[in-house]
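This report concerns only the one structure given below.
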Amino acid sequence: MDENEKYQDSSKLAVFFHNMINEMYWVEKHLSEVLNTMSQAATMVALRAAFDTHKKETEVQFERIQQIFKETNMSLDEKPSKGMQGLFDEGWQVIDETEDGSFQRDVALIIAAQKVEHYEIASYGSLINLAALLGFTKCVILLQQSLQEEKETDLKLSQLAEMQINLAAKEEPVAVTAKKPRTSKSDETKVKTMKSKTPMKEEREAEKGVGQAKLKKTSSKAAKDSPSSRQAKSTKNNGVSKTKK
């Protein structure tokens, strides 16, 4: 019996595995774009090369996820990852808040990128265990390949930081990084364009607006119903009554 015949949502574990694979499909699909932006924003050539290399690996990892759907005959139901979305947003913020051409930016980019790597390492490690329990031996091999690549990228970023970039940033004068970031209008436009493509960004902003409106309405109602408000109305009414008498 092959894996196509074996897969079915017969247990809660199988359902959870299915959901996680759909989430990783979303992660790898959008991570390639984020790495491309990080590469363009990086200062040191070696860091740009590291991001470019991992971008190519990410594209292969995305293909492996697609292969897992075929091997298991699972349905594709792409699920956004709220955790990874937050890390993507942090990457945009790093670019916005640091100076073009500074090593400070490279330090921040490495930290942001390693947070992404650690998220993926944890996810792939867990998926490997679940796939093994469910009997998806081919999936285990595919996931192990991606996990190894994530670990190697994380190590490479650590080495770049410790051996070159952190020291360069330490010697960088404060005056250099204190200038207003994004002095180039074209770069500013480029980042805004990329940010507009960030998955779920518009949805979060809409939810935030609705939440603030509800909070304002609730606060207004609470103020009207407060004891001090009722007392003020009562005093005013009494005063009117006395005047009429």
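By order of appearance in the structure tokens: chains A, B, ..., then residues from 1 within every chain, and ligands from 1 in the order shown.
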Exercise for review: Mind checking which residues fall within 9 Å of Lys170 (chain A), counting only C-alpha atoms, ignoring those fewer than 3 positions away in the same chain, and posting them as a list in words?
Suggested key: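 The residues that qualify are Phe103, Gln104, Ile165, Asn166, Leu167 and Pro173 of chain A.
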Exercise for review: May I have the residues within 12 Å of Glu33 (chain A) as JSON, numbers by chain, using only C-alpha atoms and disregarding those fewer than 2 positions away in the same chain?
Suggested key: {"A": [26, 27, 28, 29, 30, 31, 35, 36, 37, 38, 39, 40, 51, 52, 54, 55, 56, 58, 59, 88, 91, 92, 194, 195, 197, 198, 199]}
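Distance annotation: of A:Gln159, A:Thr53, A:Gln148, A:Asn19, the residue with the minimal separation from Ser81 (chain A) is A:Asn19; atom set is only C-alpha atoms.
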**Study point:** For CA of Ala49 (chain A) and CA of Gln67 (chain A), the interatomic separation in Å (one decimal)
**Key:** 27.4 Å
Point to revise | Shortest interatomic distance to Gly83 (chain A) - which of A:Met163, A:Cys139, A:Met24, A:Leu134, counting only C-alpha atoms | key: A:Met24
Review point. When distances are computed from only C-alpha atoms, which of A:Leu160, A:Ile121, A:Ala169, A:Ile21 shows the smallest separation from Leu47 (chain A)?
Key: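 Going through A:Leu160, A:Ile121, A:Ala169, A:Ile21 one by one, the smallest distance to Leu47 (chain A) is for A:Leu160.
Near Leu76 (chain A), within a cut-off of 10 Å and counting only C-alpha atoms, sit the residues His18, Asn19, Ile21, Asn22, Tyr25, Gln66, Phe69 and Lys70 of chain A, with same-chain residues fewer than 5 positions away left out.
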Would you save the residues of that selection, restricted to N, CA, C and O atoms, as a CSV table (one decimal), in the first residue's frame?
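And here is the file that came out, selection_24.csv:
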```csv
chain,number,residue,atom,x,y,z
A,18,HIS,N,-2.0,17.7,8.6
A,18,HIS,CA,-2.5,18.3,7.4
A,18,HIS,C,-2.6,19.9,7.5
A,18,HIS,O,-2.2,20.6,6.6
A,19,ASN,N,-3.0,20.4,8.6
A,19,ASN,CA,-3.1,21.8,8.8
A,19,ASN,C,-1.7,22.5,8.8
A,19,ASN,O,-1.5,23.5,8.3
A,21,ILE,N,1.0,21.3,7.3
A,21,ILE,CA,1.6,21.3,6.0
A,21,ILE,C,1.0,22.5,5.1
A,21,ILE,O,1.7,23.1,4.4
A,22,ASN,N,-0.3,22.7,5.3
A,22,ASN,CA,-0.9,23.8,4.6
A,22,ASN,C,-0.3,25.2,5.0
A,22,ASN,O,-0.2,26.1,4.2
A,25,TYR,N,3.1,25.5,3.5
A,25,TYR,CA,3.0,25.9,2.1
A,25,TYR,C,2.9,27.4,2.0
A,25,TYR,O,3.6,28.0,1.1
A,66,GLN,N,4.9,20.9,-2.0
A,66,GLN,CA,3.9,20.5,-3.1
A,66,GLN,C,4.0,19.1,-3.3
A,66,GLN,O,3.0,18.4,-3.6
A,69,PHE,N,2.0,17.0,-0.8
A,69,PHE,CA,0.6,17.0,-1.0
A,69,PHE,C,0.3,15.9,-2.1
A,69,PHE,O,-0.7,15.2,-1.9
A,70,LYS,N,1.2,15.7,-3.0
A,70,LYS,CA,1.0,14.7,-4.0
A,70,LYS,C,1.2,13.3,-3.5
A,70,LYS,O,0.4,12.3,-3.7
```
Exercise for review: Please run DSSP on the backbone and report, as number ranges by chain, all residues within region 3-114 of chain A that come out as alpha helix (DSSP H).
Suggested key: A: 3-6, 12-41, 45-72, 82-97, 103-114
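As for CA of Leu13 (chain A) and CA of Asn73 (chain A), they are spaced 16.3 Å apart.
The smallest atom-to-atom distance between Met20 (chain A) and any of A:Glu57, A:Glu90, A:Glu120, A:Glu71, using only C-alpha atoms, is found for A:Glu120.
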Exercise for review: Just the residues within 9 Å of Thr43 (chain A), please, counting only C-alpha atoms, with nothing from its chain fewer than 5 positions along; format it as a list of chain:residue names.
Suggested key: A:Arg48, A:Asp100, A:Gly101, A:Ser102, A:Phe103, A:Arg105, A:Asp106
Check your understanding: With only C-alpha atoms as the basis for distance, which of A:Ser10, A:Gln144, A:Gln85, A:Gln164 is at the shortest distance from Gly125 (chain A)?
Key ->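 Checking each of A:Ser10, A:Gln144, A:Gln85, A:Gln164 against Gly125 (chain A), counting only C-alpha atoms, the winner is A:Gln144.
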